[in-house]
Structure formats: C-alpha cells, structure tokens
>>> print(open('run_39.txt').read())   # compact mmCIF, C-alpha atoms
# COMPACT_ATOMS: atom_id res chain seq x y z
CA MET A 1 0.00 0.00 0.00
CA TYR A 2 1.24 3.50 -0.85
CA CYS A 3 1.42 5.71 2.26
CA ALA A 4 1.91 9.48 2.19
CA GLN A 5 1.67 10.05 5.96
CA PHE A 6 2.32 8.06 9.09
CA SER A 7 -1.44 7.99 9.75
CA ASP A 8 -1.84 6.01 6.49
CA LEU A 9 0.85 3.55 7.55
CA LEU A 10 -0.55 3.04 11.05
CA SER A 11 -4.11 2.51 9.72
CA ASP A 12 -2.86 -0.02 7.17
CA LEU A 13 -0.78 -1.93 9.75
CA ASP A 14 -3.69 -1.91 12.20
CA SER A 15 -6.00 -3.41 9.56
CA ARG A 16 -3.53 -6.10 8.48
CA PHE A 17 -1.70 -7.06 11.68
CA SER A 18 -3.97 -5.63 14.37
CA TYR A 19 -3.02 -7.76 17.37
CA ARG A 20 0.45 -8.84 16.33
CA SER A 21 3.35 -7.28 18.25
CA ALA A 22 4.58 -4.02 16.75
CA LEU A 23 7.06 -2.95 19.43
CA ILE A 24 8.84 -4.85 22.19
CA GLU A 25 10.97 -3.52 25.05
CA GLU A 26 12.51 -4.90 28.22
CA ARG A 27 11.15 -3.92 31.64
CA ASN A 28 12.54 -5.49 34.80
CA GLY A 29 13.72 -8.56 32.94
CA TRP A 30 10.41 -9.10 31.10
CA LYS A 31 9.38 -8.37 27.53
CA VAL A 32 6.65 -5.74 27.22
CA GLU A 33 4.82 -5.75 23.88
CA VAL A 34 2.56 -3.27 22.11
CA SER A 35 0.37 -4.50 19.25
CA PHE A 36 -0.10 -2.65 15.97
CA HIS A 37 -3.62 -1.75 17.12
CA GLU A 38 -2.36 -0.40 20.47
CA LEU A 39 0.39 1.55 18.71
CA HIS A 40 -2.16 3.12 16.36
CA GLU A 41 -4.44 4.11 19.26
CA ARG A 42 -1.63 5.47 21.43
CA VAL A 43 -0.28 7.58 18.57
CA ARG A 44 -3.75 8.99 17.82
CA THR A 45 -4.32 9.83 21.49
CA MET A 46 -0.93 11.51 21.85
CA ALA A 47 -1.42 13.43 18.59
CA LEU A 48 -4.69 14.89 19.92
CA GLN A 49 -2.91 15.98 23.11
CA LEU A 50 -0.13 17.63 21.12
CA LEU A 51 -2.64 19.39 18.84
CA ALA A 52 -3.94 21.17 21.95
CA ASP A 53 -0.41 22.39 22.77
CA PRO A 54 0.36 25.77 21.13
CA CYS A 55 4.05 24.92 20.73
CA LEU A 56 5.26 24.44 17.15
CA THR A 57 8.56 22.59 17.67
CA VAL A 58 9.02 19.37 19.66
CA GLY A 59 12.45 17.92 20.41
CA ILE A 60 13.19 14.32 21.39
CA CYS A 61 16.55 13.65 23.03
CA ALA A 62 16.20 10.14 24.40
CA ASN A 63 17.20 6.54 23.97
CA PRO A 64 14.82 4.23 22.05
CA CYS A 65 11.69 3.01 23.86
CA ILE A 66 8.01 2.54 23.03
CA ASP A 67 7.24 6.05 24.30
CA TRP A 68 9.87 7.44 21.89
CA VAL A 69 8.14 5.88 18.87
CA VAL A 70 4.67 6.98 19.97
CA LEU A 71 5.80 10.56 20.57
CA ALA A 72 7.76 10.83 17.30
CA PHE A 73 4.85 9.60 15.18
CA ALA A 74 2.28 11.65 17.11
CA SER A 75 4.34 14.83 16.94
CA VAL A 76 4.52 14.96 13.14
CA LEU A 77 0.85 13.96 12.86
CA ALA A 78 0.06 16.93 15.14
CA GLU A 79 1.89 19.11 12.58
CA LYS A 80 4.85 19.84 14.87
CA ARG A 81 8.34 20.35 13.61
CA THR A 82 9.92 17.29 15.23
CA VAL A 83 13.62 17.56 16.03
CA LEU A 84 15.54 14.34 16.78
CA ILE A 85 18.66 14.73 18.93
CA ASP A 86 21.20 12.08 19.92
CA PRO A 87 21.31 11.84 23.75
CA ALA A 88 24.93 10.61 23.56
CA LEU A 89 26.09 14.12 22.54
CA SER A 90 27.64 16.44 25.09
CA SER A 91 25.28 18.78 26.95
CA GLN A 92 26.87 21.75 25.16
CA LYS A 93 26.14 20.27 21.74
CA ILE A 94 22.60 19.31 22.71
CA GLN A 95 21.93 22.89 23.83
CA LYS A 96 23.38 24.19 20.56
CA LEU A 97 21.06 21.96 18.51
CA ILE A 98 18.08 22.97 20.64
CA ASP A 99 18.83 26.63 19.99
CA TYR A 100 19.46 26.10 16.28
CA ALA A 101 16.13 24.33 15.67
CA HIS A 102 14.20 26.54 18.16
CA VAL A 103 12.91 23.59 20.17
CA GLU A 104 10.06 24.62 22.48
CA ARG A 105 9.34 21.29 24.18
CA LEU A 106 12.15 18.81 24.89
CA TYR A 107 11.37 15.21 25.83
CA VAL A 108 14.00 13.02 27.56
CA ASN A 109 14.17 9.63 29.29
CA ASP A 110 12.79 9.70 32.84
CA ALA A 111 15.68 9.20 35.27
CA LEU A 112 13.53 6.86 37.40
CA ASP A 113 11.91 4.95 34.53
CA PHE A 114 14.16 4.77 31.47
CA ASN A 115 11.32 3.51 29.26
CA THR A 116 9.22 6.61 29.92
CA LEU A 117 9.67 10.03 28.33
CA VAL A 118 9.14 13.25 30.27
CA LEU A 119 9.38 16.95 29.53
CA ASN A 120 12.73 18.44 30.46
CA ASP A 121 12.18 21.88 31.98
CA ARG A 122 15.88 22.48 32.65
CA PHE A 123 16.99 23.37 29.14
CA SER A 124 16.86 26.98 27.97
CA LEU A 125 15.62 28.24 24.62
CA GLN A 126 17.79 31.27 23.92
CA LYS A 127 15.51 32.91 21.39
CA LYS A 128 11.86 32.42 20.46
CA ILE A 129 10.67 33.36 16.97
CA ASP A 130 7.64 32.87 14.79
CA LEU A 131 7.76 29.38 13.27
CA SER A 132 4.36 29.33 11.61
CA GLY A 133 4.21 27.44 8.35
CA ASN A 134 7.86 26.37 8.55
CA CYS A 135 8.34 22.59 8.01
CA SER A 136 5.40 21.66 10.22
CA GLY A 137 4.67 17.95 10.36
CA LYS A 138 8.21 17.11 9.29
CA PHE A 139 11.33 15.71 10.94
CA VAL A 140 14.66 17.43 11.45
CA PHE A 141 17.70 15.13 11.57
CA PHE A 142 21.17 16.46 12.32
CA THR A 143 24.20 15.34 10.35
CA SER A 144 27.81 16.48 10.55
CA GLY A 145 29.83 17.76 7.61
CA THR A 146 33.23 19.16 6.71
CA GLU A 147 32.10 22.73 6.20
CA SER A 148 30.00 23.21 9.34
CA PRO A 149 29.68 21.53 12.75
CA PHE A 150 26.31 20.08 11.75
CA LYS A 151 23.57 20.30 9.16
CA ALA A 152 19.86 20.19 9.94
CA VAL A 153 18.13 18.01 7.34
CA VAL A 154 14.37 18.43 6.88
CA LEU A 155 12.56 15.26 5.79
CA SER A 156 8.85 14.86 5.11
CA GLN A 157 6.75 11.91 6.20
CA GLN A 158 6.28 10.96 2.56
CA ALA A 159 10.03 10.94 1.85
CA LEU A 160 10.70 8.69 4.86
CA LEU A 161 7.87 6.33 3.95
CA ASN A 162 9.07 6.19 0.34
CA ASN A 163 12.50 5.13 1.57
CA ALA A 164 11.06 2.39 3.78
CA ARG A 165 9.04 1.12 0.82
CA HIS A 166 12.18 1.11 -1.37
CA TRP A 167 14.06 -1.01 1.16
CA ASN A 168 11.18 -3.45 1.46
CA HIS A 169 11.35 -3.89 -2.29
CA LEU A 170 15.04 -4.83 -2.19
CA LEU A 171 14.93 -6.76 1.09
CA PRO A 172 11.42 -7.55 2.37
CA CYS A 173 10.67 -7.76 6.09
CA THR A 174 7.59 -9.82 7.03
CA GLU A 175 5.18 -10.30 9.93
CA TYR A 176 7.17 -13.42 10.86
CA ASP A 177 10.34 -11.42 11.53
CA VAL A 178 11.66 -9.68 14.64
CA LEU A 179 14.17 -6.87 14.16
CA LEU A 180 16.44 -5.85 17.04
CA CYS A 181 16.93 -2.08 17.11
CA ALA A 182 20.41 -1.39 18.51
CA LEU A 183 21.03 2.04 16.95
CA PRO A 184 19.90 5.54 18.01
CA LEU A 185 16.60 6.44 16.38
CA SER A 186 17.79 10.04 16.14
CA HIS A 187 20.07 9.02 13.25
CA ILE A 188 18.53 8.40 9.83
CA TYR A 189 20.00 4.88 9.59
CA GLY A 190 18.51 4.02 12.96
CA PHE A 191 15.14 5.57 12.15
CA GLU A 192 14.80 3.96 8.72
CA GLY A 193 16.78 0.75 9.11
CA ASN A 194 15.64 -0.06 12.64
CA LEU A 195 12.08 1.28 12.70
CA LEU A 196 10.22 2.31 9.52
CA TRP A 197 11.59 -0.36 7.17
CA PRO A 198 10.64 -3.29 9.45
CA LEU A 199 7.33 -1.82 10.62
CA MET A 200 6.16 -1.32 7.04
CA GLY A 201 6.45 -5.07 6.48
CA GLY A 202 4.57 -5.94 9.67
CA THR A 203 7.78 -6.89 11.48
CA SER A 204 7.99 -6.66 15.28
CA VAL A 205 10.66 -4.17 16.37
CA ALA A 206 12.49 -5.02 19.59
CA LEU A 207 13.90 -1.81 21.09
CA GLY A 208 17.29 -2.87 22.42
CA ARG A 209 19.15 -1.48 25.40
CA GLY A 210 22.12 -0.09 23.47
CA TRP A 211 25.79 -0.98 23.24
CA ASN A 212 26.06 -2.15 26.85
CA SER A 213 23.57 -4.93 26.15
CA LEU A 214 24.59 -5.85 22.62
CA SER A 215 26.12 -9.11 23.81
CA ILE A 216 22.89 -10.24 25.52
CA ASP A 217 20.02 -8.54 23.65
CA PRO A 218 20.21 -10.86 20.59
CA ARG A 219 19.49 -13.86 22.82
CA PHE A 220 16.92 -12.01 24.94
CA PHE A 221 14.83 -10.75 22.00
CA MET A 222 15.80 -13.51 19.50
CA PRO A 223 15.70 -11.31 16.36
CA THR A 224 15.69 -12.64 12.83
CA VAL A 225 16.91 -9.34 11.33
CA MET A 226 19.30 -6.57 12.42
CA SER A 227 20.65 -3.33 10.93
CA VAL A 228 24.06 -2.49 12.40
CA VAL A 229 27.23 -0.47 11.88
CA PRO A 230 30.55 -2.28 11.26
CA SER A 231 31.82 -1.98 14.83
CA MET A 232 28.63 -3.60 16.12
CA LEU A 233 29.03 -6.54 13.75
CA LYS A 234 32.65 -7.01 14.87
CA TYR A 235 31.60 -6.89 18.52
CA MET A 236 28.83 -9.44 17.97
CA LEU A 237 31.27 -11.79 16.26
CA ASP A 238 33.86 -11.34 19.05
CA THR A 239 31.29 -11.99 21.80
CA LYS A 240 29.55 -14.80 19.88
CA SER A 241 26.21 -13.04 20.37
CA ILE A 242 24.68 -13.87 16.97
CA ASN A 243 21.63 -15.89 17.99
CA GLU A 244 20.48 -18.97 16.10
CA ARG A 245 17.37 -17.29 14.61
CA LEU A 246 19.24 -14.34 13.12
CA ARG A 247 19.02 -14.77 9.33
CA THR A 248 19.80 -11.30 7.92
CA ILE A 249 22.13 -8.46 8.93
CA VAL A 250 22.33 -5.16 7.05
CA VAL A 251 25.63 -3.31 7.60
CA GLY A 252 25.64 0.42 6.89
CA ALA A 253 26.68 3.95 7.92
CA SER A 254 30.33 3.27 7.03
CA SER A 255 32.37 0.73 5.07
CA CYS A 256 33.10 -2.65 6.62
CA ASP A 257 36.13 -4.79 5.79
CA THR A 258 35.47 -7.87 3.66
CA LYS A 259 37.05 -10.21 6.23
CA THR A 260 34.44 -9.27 8.85
CA LEU A 261 31.58 -9.59 6.34
CA GLU A 262 32.80 -13.00 5.17
CA LEU A 263 33.19 -14.22 8.76
CA ALA A 264 29.60 -13.22 9.55
CA LYS A 265 28.40 -14.88 6.34
CA SER A 266 30.18 -18.10 7.35
CA ARG A 267 27.88 -18.20 10.40
CA GLY A 268 24.95 -18.78 8.04
CA VAL A 269 23.73 -15.17 8.03
CA ASP A 270 22.68 -13.28 4.90
CA ILE A 271 24.93 -10.19 5.04
CA ARG A 272 23.98 -7.06 3.07
CA SER A 273 25.92 -3.81 2.66
CA GLY A 274 23.84 -0.65 2.53
CA TYR A 275 24.60 2.87 1.33
CA GLY A 276 22.66 6.06 1.94
CA LEU A 277 22.72 9.55 3.37
CA THR A 278 20.59 11.61 5.70
CA GLU A 279 19.85 13.95 2.79
CA THR A 280 18.43 11.10 0.68
CA GLY A 281 16.09 10.00 3.47
CA GLY A 282 18.19 6.93 4.26
CA GLY A 283 19.45 4.04 2.14
CA ILE A 284 19.56 4.34 -1.64
CA ALA A 285 21.46 1.14 -2.52
CA LEU A 286 21.90 -2.36 -1.10
CA SER A 287 24.01 -5.37 -1.98
CA CYS A 288 22.13 -8.44 -3.20
CA LYS A 289 22.18 -11.95 -1.77
CA ASP A 290 25.15 -14.06 -2.91
CA GLU A 291 26.69 -11.10 -4.78
CA ASP A 292 29.82 -9.09 -4.00
CA PHE A 293 29.33 -6.95 -0.87
CA ALA A 294 30.67 -3.93 -2.78
CA THR A 295 28.19 -4.31 -5.66
CA LEU A 296 25.09 -2.30 -4.77
CA ALA A 297 21.65 -2.43 -6.39
CA LEU A 298 19.85 0.92 -6.50
CA CYS A 299 16.51 1.34 -4.75
CA PRO A 300 13.35 1.89 -6.83
CA ASP A 301 12.68 5.53 -7.83
CA THR A 302 16.41 6.21 -7.43
CA THR A 303 18.90 7.17 -10.13
CA VAL A 304 22.54 8.17 -9.93
CA ARG A 305 24.77 10.18 -12.20
CA ILE A 306 28.57 10.07 -12.03
CA GLY A 307 30.26 13.44 -12.44
CA GLU A 308 33.45 14.06 -14.39
CA ASP A 309 35.50 13.79 -11.18
CA GLY A 310 33.73 10.58 -10.13
CA GLU A 311 31.32 12.21 -7.67
CA ILE A 312 27.98 10.47 -7.20
CA PHE A 313 24.85 12.59 -7.82
CA VAL A 314 21.51 11.16 -6.63
CA ARG A 315 17.90 11.71 -7.56
CA THR A 316 15.29 9.90 -5.44
CA SER A 317 11.67 10.15 -4.29
CA SER A 318 12.89 10.02 -0.67
CA MET A 319 14.98 13.22 -0.99
CA MET A 320 15.06 15.84 1.76
CA ASP A 321 13.17 19.12 1.45
CA GLY A 322 16.45 20.89 2.14
CA TYR A 323 18.60 22.10 5.02
CA LEU A 324 17.22 24.19 7.85
CA VAL A 325 19.23 27.43 7.60
CA ASP A 326 18.38 30.46 9.75
CA ASN A 327 15.05 28.79 10.49
CA VAL A 328 14.14 28.55 6.81
CA VAL A 329 14.16 25.36 4.72
CA SER A 330 16.76 25.98 2.03
CA PRO A 331 16.69 23.74 -1.07
CA GLU A 332 19.91 25.29 -2.40
CA ALA A 333 21.83 22.01 -1.90
CA LEU A 334 19.54 20.44 -4.53
CA PHE A 335 20.09 21.20 -8.19
CA ASP A 336 16.90 20.42 -10.11
CA GLY A 337 16.10 17.80 -7.46
CA GLU A 338 19.56 16.22 -7.64
CA PHE A 339 21.93 15.93 -4.67
CA ALA A 340 25.74 15.94 -4.83
CA THR A 341 26.75 13.28 -2.30
CA GLY A 342 30.45 14.09 -1.94
CA ASP A 343 31.10 10.36 -2.41
CA LEU A 344 33.06 8.89 -5.30
CA GLY A 345 32.06 5.85 -7.31
CA PHE A 346 31.05 4.31 -10.62
CA VAL A 347 28.16 2.36 -12.14
CA ASP A 348 29.01 -0.94 -13.87
CA GLU A 349 27.50 -2.43 -17.01
CA ASN A 350 24.75 -4.10 -14.94
CA GLY A 351 23.66 -0.83 -13.35
CA ARG A 352 25.25 -1.68 -10.00
CA LEU A 353 26.80 1.11 -7.92
CA HIS A 354 30.38 0.81 -6.59
CA LEU A 355 31.74 3.20 -3.95
CA GLN A 356 35.29 4.57 -4.02
CA GLY A 357 35.52 6.77 -0.95
CA ARG A 358 34.83 10.39 0.01
CA LYS A 359 35.49 13.43 -2.13
CA LYS A 360 36.11 15.65 0.87
CA ASP A 361 38.00 15.03 4.05
CA LEU A 362 35.55 13.27 6.33
CA LEU A 363 36.53 10.42 8.62
CA VAL A 364 33.86 7.74 9.09
CA LEU A 365 34.45 5.75 12.28
CA ASP A 366 33.60 2.06 12.43
CA ASN A 367 30.56 2.92 14.61
CA GLY A 368 29.14 5.10 11.83
CA GLU A 369 30.00 8.44 13.48
CA LYS A 370 31.49 11.04 11.15
CA ILE A 371 34.41 13.33 12.03
CA PRO A 372 34.83 16.62 10.10
CA CYS A 373 38.63 16.63 9.81
CA LEU A 374 39.16 20.26 8.80
CA GLU A 375 37.11 21.62 11.70
CA TRP A 376 38.79 19.37 14.26
CA GLU A 377 42.23 20.14 12.90
CA GLU A 378 41.64 23.87 13.07
CA ALA A 379 40.34 23.62 16.64
CA LEU A 380 43.22 21.40 17.79
CA THR A 381 45.85 23.55 16.05
CA ASN A 382 44.52 26.61 17.87
CA LEU A 383 44.33 24.72 21.16
CA LEU A 384 47.84 23.22 20.99
CA HIS A 385 49.45 26.12 19.09
CA ALA A 386 50.94 23.52 16.77
CA GLU A 387 50.04 22.10 13.37
CA THR A 388 47.71 19.14 13.87
CA ALA A 389 46.23 16.47 11.62
CA VAL A 390 43.47 13.99 12.46
CA VAL A 391 43.60 10.52 10.91
CA LEU A 392 41.90 7.18 11.39
CA ARG A 393 43.74 4.36 13.19
CA ASP A 394 41.93 1.11 13.97
CA GLY A 395 38.63 2.86 13.36
CA LYS A 396 39.30 5.65 15.89
CA PRO A 397 40.42 9.33 15.58
CA PHE A 398 44.17 9.82 16.08
CA ALA A 399 45.90 13.22 16.45
CA ILE A 400 49.31 13.82 14.85
CA VAL A 401 50.98 17.03 16.00
CA PHE A 402 54.04 18.73 14.49
CA SER A 403 56.04 20.27 17.34
CA SER A 404 59.54 19.99 18.70
CA MET A 405 58.67 22.02 21.79
CA LEU A 406 55.40 20.54 23.04
CA ASP A 407 55.32 18.22 26.05
CA LYS A 408 53.22 15.11 25.38
CA VAL A 409 51.61 15.05 28.84
CA ALA A 410 50.62 18.71 28.60
CA ALA A 411 49.36 18.20 25.04
CA TRP A 412 47.23 15.27 26.10
CA LYS A 413 45.60 17.36 28.85
CA GLU A 414 44.55 19.86 26.19
CA ILE A 415 43.15 17.02 24.06
CA GLU A 416 41.20 15.71 27.06
CA ALA A 417 39.63 19.16 27.36
CA PHE A 418 38.75 18.97 23.65
CA ASN A 419 37.27 15.48 24.11
CA ALA A 420 35.13 16.70 27.01
CA VAL A 421 32.93 18.75 24.68
CA GLN A 422 32.59 16.02 22.04
CA GLY A 423 30.10 13.19 22.02
CA LYS A 424 31.12 10.04 23.89
CA ASN A 425 31.44 8.21 20.56
CA GLN A 426 33.66 10.96 19.09
CA GLN A 427 36.88 11.06 21.07
CA ILE A 428 40.54 11.49 20.12
CA ALA A 429 41.93 8.09 21.11
CA ALA A 430 45.67 8.75 20.95
CA LEU A 431 48.34 11.35 20.25
CA GLU A 432 51.58 11.30 18.28
CA LEU A 433 54.16 14.12 18.38
CA ARG A 434 56.36 14.59 15.30
CA SER A 435 59.46 16.71 14.89
CA THR A 436 59.10 16.87 11.10
CA PRO A 437 56.46 18.94 9.25
CA LEU A 438 53.27 17.28 8.13
CA PRO A 439 53.35 16.28 4.43
CA ARG A 440 51.65 18.78 2.12
CA THR A 441 51.28 19.39 -1.59
CA GLU A 442 52.78 22.39 -3.35
CA LEU A 443 49.46 24.15 -2.85
CA GLY A 444 49.62 23.49 0.88
CA LYS A 445 46.98 20.76 1.05
CA LEU A 446 47.58 18.06 3.63
CA GLN A 447 48.56 14.68 2.15
CA ARG A 448 46.59 12.68 4.68
CA TRP A 449 47.27 9.37 2.97
CA LEU A 450 50.98 9.71 3.86
CA LEU A 451 50.30 9.90 7.60
>>> encode(input="run_39.txt", output="structure tokens")
Amino acid sequence: MYCAQFSDLLSDLDSRFSYRSALIEERNGWKVEVSFHELHERVRTMALQLLADPCLTVGICANPCIDWVVLAFASVLAEKRTVLIDPALSSQKIQKLIDYAHVERLYVNDALDFNTLVLNDRFSLQKKIDLSGNCSGKFVFFTSGTESPFKAVVLSQQALLNNARHWNHLLPCTEYDVLLCALPLSHIYGFEGNLLWPLMGGTSVALGRGWNSLSIDPRFFMPTVMSVVPSMLKYMLDTKSINERLRTIVVGASSCDTKTLELAKSRGVDIRSGYGLTETGGGIALSCKDEDFATLALCPDTTVRIGEDGEIFVRTSSMMDGYLVDNVVSPEALFDGEFATGDLGFVDENGRLHLQGRKKDLLVLDNGEKIPCLEWEEALTNLLHAETAVVLRDGKPFAIVFSSMLDKVAAWKEIEAFNAVQGKNQQIAALELRSTPLPRTELGKLQRWLL
C-alpha cells in the first residue's frame, strides 16, 4: 500500500496485523509488547494531546523506547516540527542543537523509569521566533559535515515512507520477523533501518538497550533481522552473540572490511551492505544476496549520475526538502532535485553502484559516526598552538601534532579538554608528536594518505 503520511501507515498496519506485536521492550527482565492496534491508538491519542499544545517545535533527546516511537509519530501527525537529537552528545552540543532548531518542548528519558519520556524543563531556549508554516509535520535530523559543525536536514513523512518502501522492495521484512533495534533512532539509519523499514512489512521491532547490552540482547529478544554499523558486527562476532534465529544483517553507515563480512556470512547469516545519506532519506542502494558486498543495487525511484570527477549525484523520491538554515528550509543544496553526495564511485554495465571513498576530508568511524577533519584540525591547532592532523587508526580518531617544543603530557591534557565537549562516541583516542612537518602538496593541502 502507498502511504503518504504516518497515519496512512498506522491505519494499514492496524488493519492487516492488528493484534500482532509491533514494538517490544525490556522492563525489569520481562518483555513488554505493544500491538499494531495499540500503537495506532496510542499515537492517535498523543497526537490529539499535542494538537492542543500551542508549541510548534518538539524535540526528542532520548534513547529508544516505546514512548519514543509513539511521541515521534504523534508529533509529526500533530503538525509539529519534530527535532531528533542524539542523547549521547555532550550537553553543550545538545543545547546548541536545541537553539538552532528553536525547540520549544524537549522530551527526555525519565531518570527513574528509562522507558518513559518526560518533559525536560531544565533546558533553555535562547531565542523564540515565529515558526508558523515552517516545516510543520516534518522531521529534522542532524548530520555532521566538513564545512559546518552540523547540518539540519528536513525530511517529510512521505520521503521517509518512500524510503522504507524502497528497502522493502530490495529486502522484504515480514510479519514473521523480529528486528532488534540497537542504533539511536535520532540518526537516519537508525530511524529507517531499525524502525520504519521493518514496521512497514509488519515486522515486530524489539527496542534494544544499546551498546552495553549488545552481547545479551540478541538472545533475549531472539531477532531474525538486524541493521548495524561495522563496529557492532565485529563486537557481535567477538562476543559470539549472533543468535540462532538471526538470518539477515544489514551493515551500513560506514564501510566494513570484507574479512568481517565473510566471517559473519560463514555463520549462516545473509549479510547485506547498505549505502545512503541523511539527505536522501536513508538508504539508496543495497548489496544483493550471494553477490559481492561492494556491488550495490539501486533502490526503486532512485537514479545516480557520475560526475566528471567521479562524484555520485543522486535523484530519489525520498529526498530531503532541504537544510534548515536560519530557520528557513533551504533547497539550495539540490540542483533540479539532484543531490551531490560528496562520495566517489562508478556504475558498472549491470547498473550496480560501486563506492570509491569520500570526495572531501571526512573520517567515518567504524561505529558510523562522522568526524569533520578540517574543523577538528583547526580547533586542535589553535588549542595546541601547533600544526595538527586527524587521521583514522583502527577505526578511531588519532591526532598527529608537528612540534619539537610541546610536552606530550601537557598536550594530552589539552586534548582531554577537547574530548570533554565532544560526544562520547567521538573522542581522540591517541596522540603522536612529530618533529618533522606534516606532508603537504605544493598548494599546501595536507597529504593525509601519507600519515
């Protein structure tokens, strides 16, 4: 069924799978389940409550739970601008995102009951302005880039539902499946790959307890499907936590080495590699069963064009409305509906997409987090008063500093101060001092590949 709004999806799921489990969470060692009918009713009730609230922007900064899903769906159906914020970010960054998106109501996990969301009255909105008519009933996802600390991506309900439908075409989820959600729902990969995609197929979504429980949640919830980032897959293999019912794992958000993918496949699991961006509403390509992991089939309603320099340009029916800039949705990043991804690649004779890395300097950690190198390097150079480069070592950020005068202990204290204002998943892991200048081209550009 074609769905343009979440209300269409919930009505359809209620009619087809009424009393089957839609969402599952853990409470005090027991599984608590909500049926598709209950989910539909709870969302409708919450939407009516939010319609009576004069606020125009709702923020959710919480870990996944049933309340999170109900509130997110209800908020957009109540025509609120709904801003999704990662709770793992530092308090300073969370406040910055709140101010940027002009959040008026912020919901967080209750400290006494983690599976319940409550209003947080401790945050401060620095400036209130008129938001009428501005991206109401739509989601705002934040993504990091090389040219700014973050970008606010505006996505409509229809774009997100289109993307979920595309994924179900390439890799169907059914009412007989259970998907374990282990990723933050505030990220597009988590929202699409762990929530909308499975729900659209009638799949039960088990809302996991995060990284700390990744070694036990697969056996507690017994999923048949998971969407993970590479570091999660490696951890599950190391801890032998792939349960016997798990038949399919989608790996996305960053590239995963072939050895890890082959090892997981040898355990009898169908391993798929996915590619997508926040701006495209989620995944736009997926590897096919028994084909090369690096050979990606494009989603329906999605076309790519390869530029002269190898850059991938995308056109899709799940495209963003634009970036939120100065409280206005700006479509300037789209050229006649086409988006320049910043990724490099080519299309083979069979129409399959192959990725060849990033056009700009952007480090993608093995947990899917992205590090804007140029911004970090500028900040660290100013902090240490020495030329600094950031590179990737074993999937983690590594600082290389050119200085013959700097003391390593003192330098590390400065880096600890820098780490303190970053998210817990975005930390400089180690430091190297060099007495020779960092390698650069004749034009002064850093030759990062030599480090």
>>> atom_distance(input="run_39.txt", atom1="CA of Leu56 in chain A", atom2="CA of Val108 in chain A")
17.8 Å
>>> atom_distance(input="run_39.txt", atom1="CA of Ala4 in chain A", atom2="CA of Val251 in chain A")
27.5 Å
>>> residues_around(input="run_39.txt", residues="Ser204 in chain A", least_positions_apart="6", cutoff="7 Å", atoms="only C-alpha atoms", output="ChimeraX atom specification")
/A:21-23,177-179
>>> residues_around(input="run_39.txt", residues="Ala62 in chain A", least_positions_apart="3", cutoff="8 Å", atoms="all atoms listed in the file", output="VMD selection string")
chain A and resid 68 85 to 87 107 to 109 117
>>> closest_residue(input="run_39.txt", among="A:Leu324, A:Met319, A:Leu71, A:Val34", to="Ala101 in chain A", atoms="all atoms listed in the file")
A:Leu324
>>> atom_distance(input="run_39.txt", atom1="CA of Gln95 in chain A", atom2="CA of Ala152 in chain A")
14.3 Å
>>> residues_around(input="run_39.txt", residues="Ala297 in chain A", least_positions_apart="6", cutoff="10 Å", atoms="all atoms listed in the file", output="list in words")
Leu170, Gly274, Tyr275, Ile284, Ala285, Leu286, Ser287, Cys288, Val347, Asn350, Gly351, Arg352, Leu353 and His354 of chain A
>>> closest_residue(input="run_39.txt", among="A:Gly202, A:Gly395, A:Pro372, A:Pro437", to="Phe150 in chain A", atoms="only C-alpha atoms")
A:Pro372
>>> residues_around(input="run_39.txt", residues="range 332-338 of chain A", least_positions_apart="3", cutoff="7 Å", atoms="all atoms listed in the file", output="list in words")
Phe313, Val314, Arg315 and Gly322 of chain A
>>> write_last_selection(input="run_39.txt", atoms="C-alpha atoms", output="mmCIF file, in the coordinates of the input")
data_model
loop_
_atom_site.group_PDB
_atom_site.id
_atom_site.type_symbol
_atom_site.label_atom_id
_atom_site.label_comp_id
_atom_site.auth_asym_id
_atom_site.auth_seq_id
_atom_site.Cartn_x
_atom_site.Cartn_y
_atom_site.Cartn_z
ATOM 1 C CA PHE A 313 24.850 12.590 -7.820
ATOM 2 C CA VAL A 314 21.510 11.160 -6.630
ATOM 3 C CA ARG A 315 17.900 11.710 -7.560
ATOM 4 C CA GLY A 322 16.450 20.890 2.140
#
>>> closest_residue(input="run_39.txt", among="A:Leu180, A:Met405, A:Ala399, A:Leu363", to="Glu378 in chain A", atoms="all atoms listed in the file")
A:Ala399
>>> closest_residue(input="run_39.txt", among="A:Ala78, A:Tyr176, A:Ser186, A:Cys135", to="Cys61 in chain A", atoms="only C-alpha atoms")
A:Ser186
>>> residues_around(input="run_39.txt", residues="Phe139 in chain A", least_positions_apart="4", cutoff="6 Å", atoms="only C-alpha atoms", output="list in words")
Thr82, Val83, Val154 and Leu155 of chain A
>>> closest_residue(input="run_39.txt", among="A:Ile306, A:Leu183, A:Cys55, A:Leu207", to="Asp343 in chain A", atoms="all atoms listed in the file")
A:Ile306
>>> decode(input="run_39.txt", residues="range 273-291 of chain A", atoms="C-alpha atoms", output="PDB file, in the first residue's frame")
ATOM      1  CA  SER A 273      25.918  -3.814   2.664  1.00  0.00           C
ATOM      2  CA  GLY A 274      23.843  -0.648   2.530  1.00  0.00           C
ATOM      3  CA  TYR A 275      24.600   2.869   1.327  1.00  0.00           C
ATOM      4  CA  GLY A 276      22.664   6.057   1.945  1.00  0.00           C
ATOM      5  CA  LEU A 277      22.722   9.552   3.372  1.00  0.00           C
ATOM      6  CA  THR A 278      20.587  11.609   5.696  1.00  0.00           C
ATOM      7  CA  GLU A 279      19.849  13.949   2.791  1.00  0.00           C
ATOM      8  CA  THR A 280      18.427  11.099   0.683  1.00  0.00           C
ATOM      9  CA  GLY A 281      16.088   9.997   3.469  1.00  0.00           C
ATOM     10  CA  GLY A 282      18.189   6.925   4.256  1.00  0.00           C
ATOM     11  CA  GLY A 283      19.450   4.044   2.141  1.00  0.00           C
ATOM     12  CA  ILE A 284      19.556   4.342  -1.643  1.00  0.00           C
ATOM     13  CA  ALA A 285      21.456   1.139  -2.522  1.00  0.00           C
ATOM     14  CA  LEU A 286      21.898  -2.356  -1.098  1.00  0.00           C
ATOM     15  CA  SER A 287      24.005  -5.370  -1.981  1.00  0.00           C
ATOM     16  CA  CYS A 288      22.134  -8.438  -3.201  1.00  0.00           C
ATOM     17  CA  LYS A 289      22.180 -11.953  -1.772  1.00  0.00           C
ATOM     18  CA  ASP A 290      25.149 -14.057  -2.911  1.00  0.00           C
ATOM     19  CA  GLU A 291      26.688 -11.098  -4.775  1.00  0.00           C
TER      20      GLU A 291
END
